[in-house]
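One file, structure-v8.cif, is given below (mmCIF, C-alpha atoms and all ligand atoms).
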```
data_run
#
loop_
_atom_site.label_atom_id
_atom_site.label_comp_id
_atom_site.auth_asym_id
_atom_site.auth_seq_id
_atom_site.Cartn_x
_atom_site.Cartn_y
_atom_site.Cartn_z
CA MET I 1 114.51 130.31 81.71
CA THR I 2 116.65 127.55 80.21
CA SER I 3 115.74 123.89 80.54
CA THR I 4 118.62 123.43 83.01
CA GLU I 5 117.34 126.21 85.26
CA SER I 6 113.81 124.84 85.27
CA ALA I 7 114.91 121.27 86.09
CA VAL I 8 114.11 120.42 89.71
CA ARG I 9 116.91 118.76 91.67
CA ARG I 10 115.68 115.34 92.70
CA GLY I 11 115.18 114.88 96.44
CA ARG I 12 117.20 112.42 98.50
CA PHE I 13 115.68 109.21 99.74
CA ILE I 14 116.72 108.08 103.23
CA ALA I 15 115.47 104.89 104.86
CA PHE I 16 115.70 103.92 108.52
CA GLU I 17 116.11 100.29 109.49
CA GLY I 18 116.55 98.43 112.73
CA GLY I 19 115.19 95.61 114.79
CA ASP I 20 112.00 96.07 116.80
CA GLY I 21 112.63 98.52 119.64
CA SER I 22 115.67 100.15 118.03
CA GLY I 23 113.93 103.54 118.27
CA LYS I 24 113.95 104.12 114.53
CA SER I 25 110.44 105.64 114.31
CA THR I 26 111.41 108.40 116.75
CA GLN I 27 114.73 108.98 115.00
CA ALA I 28 113.19 108.97 111.51
CA ALA I 29 110.76 111.67 112.68
CA ARG I 30 113.57 113.72 114.21
CA LEU I 31 115.69 113.57 111.06
CA ALA I 32 112.75 114.38 108.77
CA ALA I 33 111.99 117.47 110.87
CA ALA I 34 115.65 118.54 110.80
CA LEU I 35 115.86 118.16 107.00
CA ASP I 36 112.34 119.44 106.30
CA ALA I 37 111.77 116.14 104.52
CA VAL I 38 108.58 114.18 103.91
CA LEU I 39 108.25 111.57 106.69
CA THR I 40 106.64 108.26 105.85
CA ARG I 41 106.67 104.66 107.00
CA GLU I 42 106.27 101.05 105.95
CA PRO I 43 104.10 99.12 105.88
CA GLY I 44 101.84 102.14 105.31
CA GLY I 45 102.46 105.58 103.89
CA THR I 46 99.31 105.65 101.72
CA ALA I 47 95.62 104.90 102.34
CA ILE I 48 95.98 101.52 100.61
CA GLY I 49 99.22 100.83 102.47
CA SER I 50 97.58 101.64 105.81
CA LYS I 51 94.82 99.10 105.14
CA ILE I 52 97.45 96.51 104.26
CA ARG I 53 99.35 97.42 107.45
CA GLU I 54 96.26 96.75 109.58
CA LEU I 55 95.83 93.40 107.91
CA VAL I 56 99.43 92.23 107.99
CA LEU I 57 100.15 93.27 111.60
CA ASP I 58 96.85 92.15 113.14
CA PRO I 59 97.73 89.63 115.89
CA GLN I 60 94.47 87.74 115.23
CA TYR I 61 95.68 86.33 111.88
CA LEU I 62 97.89 83.63 113.29
CA ASN I 63 97.40 81.52 110.16
CA MET I 64 98.86 84.09 107.72
CA THR I 65 101.47 82.28 105.66
CA ASN I 66 104.97 83.65 105.19
CA ARG I 67 104.52 84.14 101.44
CA THR I 68 101.29 86.04 102.04
CA GLU I 69 103.13 88.24 104.53
CA ALA I 70 105.94 88.95 102.04
CA LEU I 71 103.49 89.72 99.23
CA LEU I 72 101.43 92.07 101.38
CA MET I 73 104.57 93.97 102.45
CA ALA I 74 105.61 94.23 98.79
CA ALA I 75 102.12 95.33 97.69
CA ALA I 76 102.05 98.11 100.28
CA ARG I 77 105.53 99.13 99.11
CA ALA I 78 104.57 99.24 95.42
CA GLN I 79 101.74 101.64 96.20
CA HIS I 80 104.02 103.65 98.48
CA VAL I 81 106.67 104.09 95.78
CA ASP I 82 104.23 104.99 93.00
CA GLU I 83 101.88 107.20 94.96
CA LEU I 84 104.16 108.96 97.40
CA ILE I 85 107.93 108.36 97.40
CA LEU I 86 108.79 108.77 93.73
CA PRO I 87 106.51 111.76 93.05
CA GLN I 88 107.93 113.56 96.10
CA LEU I 89 111.53 112.85 95.06
CA LEU I 90 110.81 114.04 91.53
CA ALA I 91 109.26 117.20 92.95
CA GLY I 92 112.55 117.86 94.74
CA ARG I 93 111.52 116.88 98.27
CA ASP I 94 113.73 114.72 100.47
CA VAL I 95 111.89 111.65 101.76
CA VAL I 96 112.60 109.81 105.03
CA SER I 97 111.00 106.40 105.31
CA ASP I 98 110.71 104.43 108.52
CA ARG I 99 111.63 101.03 106.96
CA PHE I 100 111.92 100.00 103.28
CA VAL I 101 113.05 96.93 101.27
CA ALA I 102 115.75 95.87 103.74
CA SER I 103 113.00 95.18 106.31
CA SER I 104 111.56 92.57 103.97
CA LEU I 105 114.99 91.05 103.31
CA ALA I 106 115.63 90.77 107.06
CA TYR I 107 112.17 89.78 108.35
CA GLN I 108 110.68 87.79 105.47
CA GLY I 109 113.85 86.71 103.67
CA VAL I 110 115.79 85.57 106.71
CA GLY I 111 113.46 85.75 109.73
CA ARG I 112 110.70 83.85 107.93
CA ASN I 113 113.15 81.75 105.94
CA LEU I 114 111.83 82.64 102.49
CA GLY I 115 115.34 83.38 101.20
CA ILE I 116 116.92 86.79 100.59
CA ASP I 117 117.19 86.36 96.81
CA VAL I 118 113.53 85.60 96.18
CA VAL I 119 112.41 88.43 98.47
CA ALA I 120 114.88 90.81 96.76
CA GLU I 121 113.45 89.86 93.37
CA LEU I 122 109.88 90.38 94.52
CA ASN I 123 110.84 93.80 95.84
CA GLU I 124 112.68 94.77 92.69
CA PHE I 125 109.31 94.38 90.98
CA ALA I 126 107.44 96.19 93.78
CA THR I 127 109.76 99.21 93.81
CA ASN I 128 110.49 99.32 90.10
CA GLY I 129 114.14 99.37 91.13
CA LEU I 130 113.96 102.41 93.40
CA LYS I 131 116.65 102.27 96.11
CA PRO I 132 117.34 104.57 99.04
CA ASP I 133 120.31 106.92 98.56
CA LEU I 134 121.19 106.18 102.17
CA THR I 135 119.94 103.68 104.73
CA VAL I 136 120.51 104.37 108.42
CA LEU I 137 120.77 101.22 110.50
CA LEU I 138 120.00 101.88 114.14
CA ASP I 139 121.87 99.32 116.14
CA ALA I 140 120.67 98.89 119.74
CA ASP I 141 121.75 96.14 122.06
CA PRO I 142 119.05 93.52 122.78
CA THR I 143 118.33 94.66 126.36
CA THR I 144 117.76 98.27 125.25
CA ALA I 145 115.56 97.10 122.35
CA ARG I 146 113.44 94.81 124.54
CA ALA I 147 112.89 97.55 127.12
CA ARG I 148 111.78 100.04 124.43
CA LEU I 149 109.39 97.56 122.85
CA GLY I 150 107.06 97.27 125.87
CA ASP I 151 104.31 94.64 125.97
CA ASP I 152 101.89 95.70 123.24
CA LEU I 153 103.28 93.63 120.39
CA ASP I 154 102.04 93.27 116.80
CA ARG I 155 101.92 89.88 115.05
CA ILE I 156 105.43 90.17 113.63
CA GLU I 157 106.96 91.62 116.78
CA GLU I 158 105.61 88.64 118.70
CA ALA I 159 107.56 86.38 116.37
CA GLY I 160 110.37 88.93 116.26
CA ILE I 161 111.35 88.27 119.84
CA GLN I 162 112.61 84.91 118.66
CA LEU I 163 113.77 86.21 115.28
CA GLY I 164 115.56 89.27 116.65
CA ARG I 165 119.13 88.00 116.45
CA GLN I 166 118.76 86.93 112.80
CA VAL I 167 117.16 90.24 111.83
CA VAL I 168 119.97 92.25 113.39
CA ASP I 169 122.66 90.05 111.83
CA THR I 170 121.05 90.38 108.40
CA TYR I 171 120.96 94.16 108.67
CA ARG I 172 124.61 94.21 109.65
CA SER I 173 125.64 92.11 106.69
CA LEU I 174 123.53 94.19 104.26
CA ALA I 175 125.24 97.30 105.62
CA ALA I 176 128.67 95.71 105.31
CA SER I 177 128.02 94.68 101.70
CA ALA I 178 127.08 98.23 100.57
CA PRO I 179 129.00 100.68 102.80
CA ASP I 180 128.47 103.57 100.37
CA ARG I 181 124.68 103.23 100.79
CA TRP I 182 124.44 102.34 104.47
CA VAL I 183 125.50 103.87 107.73
CA ILE I 184 125.34 102.15 111.12
CA VAL I 185 124.49 104.35 114.10
CA ASP I 186 124.81 103.31 117.75
CA ALA I 187 121.19 103.48 118.99
CA ASN I 188 121.96 103.06 122.69
CA GLY I 189 121.46 106.22 124.69
CA ASP I 190 118.77 108.86 125.09
CA ILE I 191 116.76 110.26 122.18
CA ASP I 192 118.71 113.51 121.87
CA THR I 193 122.08 111.77 121.92
CA VAL I 194 121.07 109.31 119.20
CA ALA I 195 119.39 112.09 117.15
CA ALA I 196 122.62 114.11 117.24
CA ARG I 197 124.62 111.08 116.07
CA VAL I 198 122.18 110.45 113.20
CA HIS I 199 122.13 114.08 112.13
CA LEU I 200 125.90 114.36 112.07
CA VAL I 201 126.52 111.25 110.02
CA VAL I 202 123.62 111.80 107.61
CA SER I 203 124.58 115.43 106.91
CA ASP I 204 128.08 114.27 106.18
CA ARG I 205 126.92 111.54 103.78
CA LEU I 206 124.32 113.70 102.05
CA GLN I 207 126.95 116.21 101.02
CA ALA I 208 128.39 113.53 98.80
CA LEU I 209 125.06 112.93 97.03
P1 LIG E 301 107.15 99.09 112.52
O1 LIG E 301 105.91 99.88 112.50
O2 LIG E 301 108.39 99.72 112.00
O3 LIG E 301 107.33 98.58 113.98
P2 LIG E 301 108.29 99.18 115.07
O4 LIG E 301 108.32 100.66 114.87
O5 LIG E 301 107.60 98.76 116.32
O6 LIG E 301 109.60 98.52 114.82
O7 LIG E 301 106.99 97.74 111.71
C1 LIG E 301 105.98 96.85 112.04
C2 LIG E 301 106.43 95.45 111.90
O8 LIG E 301 106.47 95.09 110.52
C3 LIG E 301 107.81 95.16 112.46
O9 LIG E 301 107.70 94.05 113.33
C4 LIG E 301 108.64 94.79 111.25
C5 LIG E 301 107.62 94.33 110.25
N1 LIG E 301 107.99 94.48 108.82
C6 LIG E 301 108.31 93.35 108.10
O10 LIG E 301 108.31 92.23 108.64
N2 LIG E 301 108.64 93.47 106.78
C7 LIG E 301 108.62 94.66 106.14
O11 LIG E 301 108.93 94.73 104.92
C8 LIG E 301 108.28 95.84 106.89
C9 LIG E 301 108.25 97.18 106.23
C10 LIG E 301 107.97 95.70 108.24
#
```
Mind turning this structure into structure tokens?
Amino acid sequence: MTSTESAVRRGRFIAFEGGDGSGKSTQAARLAAALDAVLTREPGGTAIGSKIRELVLDPQYLNMTNRTEALLMAAARAQHVDELILPQLLAGRDVVSDRFVASSLAYQGVGRNLGIDVVAELNEFATNGLKPDLTVLLDADPTTARARLGDDLDRIEEAGIQLGRQVVDTYRSLAASAPDRWVIVDANGDIDTVAARVHLVVSDRLQAL
């Protein structure tokens, strides 16, 4: 076997983003199943990341500062990249992540007012520069999103009800600034309808990768 034949084709890395209640966890799972990809999520994805998730989303820690929140998200992400995402991509598996760096840009950078640039820099370090090949932004109108969210809110979702508009606007401008790496999908409608929209547009984009 030649070295070319033995080289494994790197997997594709797809992230899902959206405001709280956009339905992205359901849609990320549907797409991962359709592509036979590894499904993961942030904050979380590893044992260390899951511990950080418990800590950072626990509604009892009302005194957590915004910088602490941003650092914990980045720490969970660093572990996620090193332990799971990159090894899977290098082994040739596609990876679908429910949230990635753009969540921190939107929630911590803008929602928490830390500034997009500083949060981007922190995450450059956390990810070692790894970027999704494609990010799917699920765009649901606020009434749909609020209805899907229910009443059992985590610490950030509680704040997110006020921050929602800013988060959605930030996602839209990130998508507009990198159209080759983002796709916006209308997230209003039932699960099967949205899943079909996602599948169609992602398959189309992945052919170009
Ligand atoms: P998630 O589990 O995706 O919640 P949901 O599926 O209900 O949208 O994310 C949990 C919360 O964490 C959510 O309110 C968004 C927030 N979050 C950040 O603020 N920054 C981040 O970098 C990430 C990954 C999530």
Next on the checklist: Need to verify the contact set: Asp36 of chain I, 12 Å, only C-alpha atoms, exclusion of same-chain residues closer than 2 positions in sequence. Can you return it as a ChimeraX atom specification?
Outcome noted: /I:11-12,28-34,38-39,92-96
Would you pick out the contacts of Leu114 of chain I at 8 Å or less, using only C-alpha atoms, so that residues sharing its chain but fewer than 6 positions from it are not included, and give the list as a PDB file with C-alpha atoms, in the coordinates of the input?
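Output (result29.pdb):
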```pdb
ATOM      1  CA  ASN I  66     104.970  83.650 105.190  1.00  0.00           C
ATOM      2  CA  ARG I  67     104.520  84.140 101.440  1.00  0.00           C
ATOM      3  CA  GLN I 108     110.680  87.790 105.470  1.00  0.00           C
TER       4      GLN I 108
END
```
Next on the checklist: as a PyMOL selection string, please: the residues near Ile184 of chain I (cut-off 9 Å, all atoms listed in the file, same-chain neighbours under 4 positions excluded).
Outcome noted: chain I and resi 135-139+172+175
Listed atoms of ligand LIG 301 (chain E), axis-aligned box, 5 Å per side: centre and edge lengths to one decimal in Å, as lines of an AutoDock Vina configuration file?
```
center_x = 107.8
center_y = 96.4
center_z = 110.6
size_x = 13.7
size_y = 18.4
size_z = 21.4
```
Checklist entry - How would you write, as a PyMOL selection string, the set of residues no farther than 6 Å from ligand LIG 301 (chain E) when counting all atoms listed in the file? => result chain I and resi 20-21+25+42-43+73+99-101+103-104+107-108+156-157
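Neighbours of Phe125 of chain I closer than or equal to 12 Å, with all atoms listed in the file counted and sequence neighbours fewer than 2 positions away skipped, come out as I:Leu71, I:Ala74, I:Ala75, I:Arg77, I:Ala78, I:Gln79, I:Val81, I:Asp82, I:Val101, I:Val118, I:Val119, I:Ala120, I:Glu121, I:Leu122, I:Asn123, I:Thr127, I:Asn128, I:Gly129, I:Leu130, I:Lys131.
With only C-alpha atoms taken into account, the protein and nucleic acid residues at most 9 Å from Arg197 of chain I (excluding it and anything under 6 positions from it in its own chain) are Val185, Asp186 and Ala187 of chain I.
Candidate residues I:Gln88, I:Gln207, I:Thr193, I:Asn188 were compared for distance to Val8 of chain I, and the nearest is I:Gln88, using only C-alpha atoms.
Atom CA of Phe13 of chain I sits 5.3 Å away from atom CA of Asp133 of chain I.
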Checklist entry - Could you state the separation of atom CA of Ala106 of chain I and atom CA of Val168 of chain I in Å, given to one decimal place? => result 7.8 Å
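Compared by their closest atoms to Leu90 of chain I, and using all atoms listed in the file, the residues I:Arg9, I:Glu17, I:Leu149, I:Glu69 rank with I:Arg9 nearest.
Shortest atom-to-atom contact with Asp180 of chain I among I:Val167, I:Val202, I:Leu134, I:Ala195: I:Leu134, counting only C-alpha atoms.
Atom CA of Arg112 of chain I to atom CA of Thr65 of chain I spans 9.6 Å [interatomic distance, one decimal].
Using only C-alpha atoms, the nearest neighbour of Gln166 of chain I within the list I:Gln27, I:Thr68, I:Asn113, I:Thr40 is I:Asn113.
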Kindly output segment 134-146 of chain I as a compact mmCIF listing (two decimals), in the frame of the given file, after building N, CA, C and O atoms.
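Wrote it out as selection29.txt, contents follow:
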```txt
# COMPACT_ATOMS: atom_id res chain seq x y z
N LEU I 134 120.48 106.51 100.93
CA LEU I 134 121.19 106.18 102.17
C LEU I 134 120.23 105.44 103.10
O LEU I 134 119.07 105.84 103.24
N THR I 135 120.73 104.38 103.71
CA THR I 135 119.94 103.68 104.73
C THR I 135 120.67 103.79 106.06
O THR I 135 121.87 103.51 106.15
N VAL I 136 119.94 104.23 107.08
CA VAL I 136 120.51 104.37 108.42
C VAL I 136 120.08 103.15 109.23
O VAL I 136 118.89 102.92 109.44
N LEU I 137 121.06 102.38 109.66
CA LEU I 137 120.77 101.22 110.50
C LEU I 137 120.98 101.62 111.96
O LEU I 137 122.09 101.97 112.36
N LEU I 138 119.89 101.57 112.72
CA LEU I 138 120.00 101.88 114.14
C LEU I 138 120.27 100.58 114.89
O LEU I 138 119.45 99.66 114.88
N ASP I 139 121.41 100.55 115.50
CA ASP I 139 121.87 99.32 116.14
C ASP I 139 121.81 99.49 117.67
O ASP I 139 122.60 100.23 118.24
N ALA I 140 120.81 98.81 118.27
CA ALA I 140 120.67 98.89 119.74
C ALA I 140 120.96 97.52 120.33
O ALA I 140 120.65 96.51 119.70
N ASP I 141 121.53 97.47 121.52
CA ASP I 141 121.75 96.14 122.06
C ASP I 141 120.41 95.54 122.53
O ASP I 141 119.45 96.26 122.79
N PRO I 142 120.33 94.20 122.58
CA PRO I 142 119.05 93.52 122.78
C PRO I 142 118.31 93.96 124.05
O PRO I 142 117.08 94.07 124.04
N THR I 143 119.03 94.26 125.12
CA THR I 143 118.33 94.66 126.36
C THR I 143 117.65 96.01 126.17
O THR I 143 116.49 96.21 126.58
N THR I 144 118.35 96.96 125.52
CA THR I 144 117.76 98.27 125.25
C THR I 144 116.52 98.09 124.37
O THR I 144 115.46 98.67 124.63
N ALA I 145 116.66 97.29 123.31
CA ALA I 145 115.56 97.10 122.35
C ALA I 145 114.34 96.48 123.04
O ALA I 145 113.21 96.94 122.85
N ARG I 146 114.56 95.49 123.87
CA ARG I 146 113.44 94.81 124.54
C ARG I 146 112.72 95.77 125.48
O ARG I 146 111.49 95.79 125.53
```
